[in-house]
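Below: the structure, in structure tokens.
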Amino acid sequence: MKKFLILILAAAATASCQHEEIDLVGTWVQPIPGRTGGWSQGMQFNADGTANSVNMYTLVYDTWKREGDMLILTGKSVGNRIAFPFTDTLYIDKRSNNDSLVLRQGDRESVFKKIK
């Protein structure tokens, strides 16, 4: 029984740390809701900590950083000639890997695929 418990704990520790190895640098996209024809939106994370929006013209990302299970994005929300700075803190779900990024914020879940 003791061996079995150790194996379960080791597997749980491996699963909980598995997403920490994800290389977030690159471009992550998802289909644009309600659009057909392969349109996508998302974000680009650069190695120097800067970030860019992909096909989201009213949401301009400036920086990104990772703190454990959290992804912190800063930028500006632009609309009606007014820009508001924002900081979003998103939880990196354990189902994420180097090809698929699952982010959660409250009840909202977003799934992105890496393209570069």
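The chains in the structure tokens are called A, B, ... from first to last as shown; in each chain the residues are counted from 1, and the ligands are counted from 1 in the order shown.
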DSSP alpha helix (DSSP H) selection over chain A, as a ChimeraX atom specification: /A:2-18
Contacts of Leu59 in chain A at 12 Å (only C-alpha atoms; same-chain gap of 2+ positions) as a PDB file with N, CA and C atoms, in the first residue's frame:
ATOM      1  N   GLN A  41      -7.613  34.585 -33.967  1.00  0.00           N
ATOM      2  CA  GLN A  41      -7.150  35.679 -33.110  1.00  0.00           C
ATOM      3  C   GLN A  41      -6.279  35.092 -32.023  1.00  0.00           C
ATOM      4  N   GLY A  42      -5.486  35.933 -31.399  1.00  0.00           N
ATOM      5  CA  GLY A  42      -4.652  35.433 -30.323  1.00  0.00           C
ATOM      6  C   GLY A  42      -3.579  36.415 -29.933  1.00  0.00           C
ATOM      7  N   MET A  43      -2.413  35.851 -29.578  1.00  0.00           N
ATOM      8  CA  MET A  43      -1.333  36.688 -29.095  1.00  0.00           C
ATOM      9  C   MET A  43       0.009  36.074 -29.449  1.00  0.00           C
ATOM     10  N   ALA A  51       4.802  41.542 -26.031  1.00  0.00           N
ATOM     11  CA  ALA A  51       3.696  40.755 -26.572  1.00  0.00           C
ATOM     12  C   ALA A  51       2.965  41.572 -27.626  1.00  0.00           C
ATOM     13  N   ASN A  52       2.342  40.877 -28.568  1.00  0.00           N
ATOM     14  CA  ASN A  52       1.552  41.513 -29.614  1.00  0.00           C
ATOM     15  C   ASN A  52       0.217  40.793 -29.742  1.00  0.00           C
ATOM     16  N   SER A  53      -0.806  41.535 -30.110  1.00  0.00           N
ATOM     17  CA  SER A  53      -2.108  40.950 -30.407  1.00  0.00           C
ATOM     18  C   SER A  53      -2.097  40.419 -31.827  1.00  0.00           C
ATOM     19  N   VAL A  54      -2.867  39.377 -32.063  1.00  0.00           N
ATOM     20  CA  VAL A  54      -3.045  38.824 -33.408  1.00  0.00           C
ATOM     21  C   VAL A  54      -4.513  38.982 -33.772  1.00  0.00           C
ATOM     22  N   ASN A  55      -4.797  39.846 -34.743  1.00  0.00           N
ATOM     23  CA  ASN A  55      -6.165  40.096 -35.229  1.00  0.00           C
ATOM     24  C   ASN A  55      -7.134  40.562 -34.143  1.00  0.00           C
ATOM     25  N   MET A  56      -6.624  41.287 -33.159  1.00  0.00           N
ATOM     26  CA  MET A  56      -7.459  41.890 -32.121  1.00  0.00           C
ATOM     27  C   MET A  56      -7.050  43.364 -32.031  1.00  0.00           C
ATOM     28  N   TYR A  57      -7.652  44.161 -32.859  1.00  0.00           N
ATOM     29  CA  TYR A  57      -7.195  45.538 -33.031  1.00  0.00           C
ATOM     30  C   TYR A  57      -7.593  46.477 -31.898  1.00  0.00           C
ATOM     31  N   TYR A  61      -1.665  44.213 -26.825  1.00  0.00           N
ATOM     32  CA  TYR A  61      -0.781  43.687 -25.784  1.00  0.00           C
ATOM     33  C   TYR A  61       0.573  44.369 -25.848  1.00  0.00           C
ATOM     34  N   ASP A  62       1.160  44.615 -24.674  1.00  0.00           N
ATOM     35  CA  ASP A  62       2.488  45.218 -24.578  1.00  0.00           C
ATOM     36  C   ASP A  62       3.510  44.227 -24.024  1.00  0.00           C
ATOM     37  N   LEU A  73      -0.563  39.455 -18.527  1.00  0.00           N
ATOM     38  CA  LEU A  73      -0.510  40.236 -19.756  1.00  0.00           C
ATOM     39  C   LEU A  73      -0.832  41.688 -19.440  1.00  0.00           C
ATOM     40  N   THR A  74      -0.071  42.612 -20.024  1.00  0.00           N
ATOM     41  CA  THR A  74      -0.406  44.031 -19.904  1.00  0.00           C
ATOM     42  C   THR A  74      -0.604  44.599 -21.300  1.00  0.00           C
ATOM     43  N   GLY A  75      -1.383  45.656 -21.357  1.00  0.00           N
ATOM     44  CA  GLY A  75      -1.616  46.297 -22.643  1.00  0.00           C
ATOM     45  C   GLY A  75      -2.602  47.425 -22.528  1.00  0.00           C
ATOM     46  N   LYS A  76      -3.238  47.725 -23.671  1.00  0.00           N
ATOM     47  CA  LYS A  76      -4.232  48.792 -23.730  1.00  0.00           C
ATOM     48  C   LYS A  76      -5.470  48.287 -24.450  1.00  0.00           C
ATOM     49  N   SER A  77      -6.622  48.640 -23.929  1.00  0.00           N
ATOM     50  CA  SER A  77      -7.888  48.414 -24.607  1.00  0.00           C
ATOM     51  C   SER A  77      -8.211  49.713 -25.331  1.00  0.00           C
ATOM     52  N   VAL A  78      -8.327  49.635 -26.647  1.00  0.00           N
ATOM     53  CA  VAL A  78      -8.485  50.830 -27.474  1.00  0.00           C
ATOM     54  C   VAL A  78      -9.876  50.844 -28.095  1.00  0.00           C
ATOM     55  N   GLY A  79     -10.564  51.953 -27.963  1.00  0.00           N
ATOM     56  CA  GLY A  79     -11.879  52.094 -28.571  1.00  0.00           C
ATOM     57  C   GLY A  79     -12.393  53.502 -28.420  1.00  0.00           C
ATOM     58  N   ILE A  82     -10.213  56.324 -27.168  1.00  0.00           N
ATOM     59  CA  ILE A  82      -9.759  56.296 -25.783  1.00  0.00           C
ATOM     60  C   ILE A  82      -9.027  54.973 -25.562  1.00  0.00           C
ATOM     61  N   ALA A  83      -7.886  55.017 -24.888  1.00  0.00           N
ATOM     62  CA  ALA A  83      -7.129  53.815 -24.577  1.00  0.00           C
ATOM     63  C   ALA A  83      -7.053  53.653 -23.055  1.00  0.00           C
ATOM     64  N   PHE A  84      -7.408  52.467 -22.582  1.00  0.00           N
ATOM     65  CA  PHE A  84      -7.348  52.164 -21.156  1.00  0.00           C
ATOM     66  C   PHE A  84      -6.299  51.090 -20.922  1.00  0.00           C
ATOM     67  N   PRO A  85      -5.330  51.345 -20.034  1.00  0.00           N
ATOM     68  CA  PRO A  85      -4.359  50.302 -19.722  1.00  0.00           C
ATOM     69  C   PRO A  85      -5.021  49.172 -18.932  1.00  0.00           C
ATOM     70  N   PHE A  86      -4.521  47.964 -19.111  1.00  0.00           N
ATOM     71  CA  PHE A  86      -5.048  46.830 -18.358  1.00  0.00           C
ATOM     72  C   PHE A  86      -3.927  45.866 -18.012  1.00  0.00           C
ATOM     73  N   THR A  87      -4.180  45.064 -17.015  1.00  0.00           N
ATOM     74  CA  THR A  87      -3.348  43.915 -16.669  1.00  0.00           C
ATOM     75  C   THR A  87      -4.297  42.744 -16.470  1.00  0.00           C
ATOM     76  N   ASP A  88      -4.082  41.665 -17.221  1.00  0.00           N
ATOM     77  CA  ASP A  88      -4.882  40.450 -17.073  1.00  0.00           C
ATOM     78  C   ASP A  88      -4.017  39.371 -16.460  1.00  0.00           C
TER      79      ASP A  88
END
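Distances here use only C-alpha atoms; by that measure, the residue among A:Asn80, A:Trp64, A:Thr50, A:Gln44 closest to Val29 in chain A is A:Gln44.
Rounded to one decimal, CA of Asn98 in chain A and CA of Leu24 in chain A lie 7.5 Å from each other.
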Tell me, as a list in words, which residues lie within 8 Å of range 66-70 of chain A, counting only C-alpha atoms; anything in the same chain fewer than 3 positions away does not count. Glu20, Thr89, Leu90, Tyr91, Ile92 and Asp93 of chain A
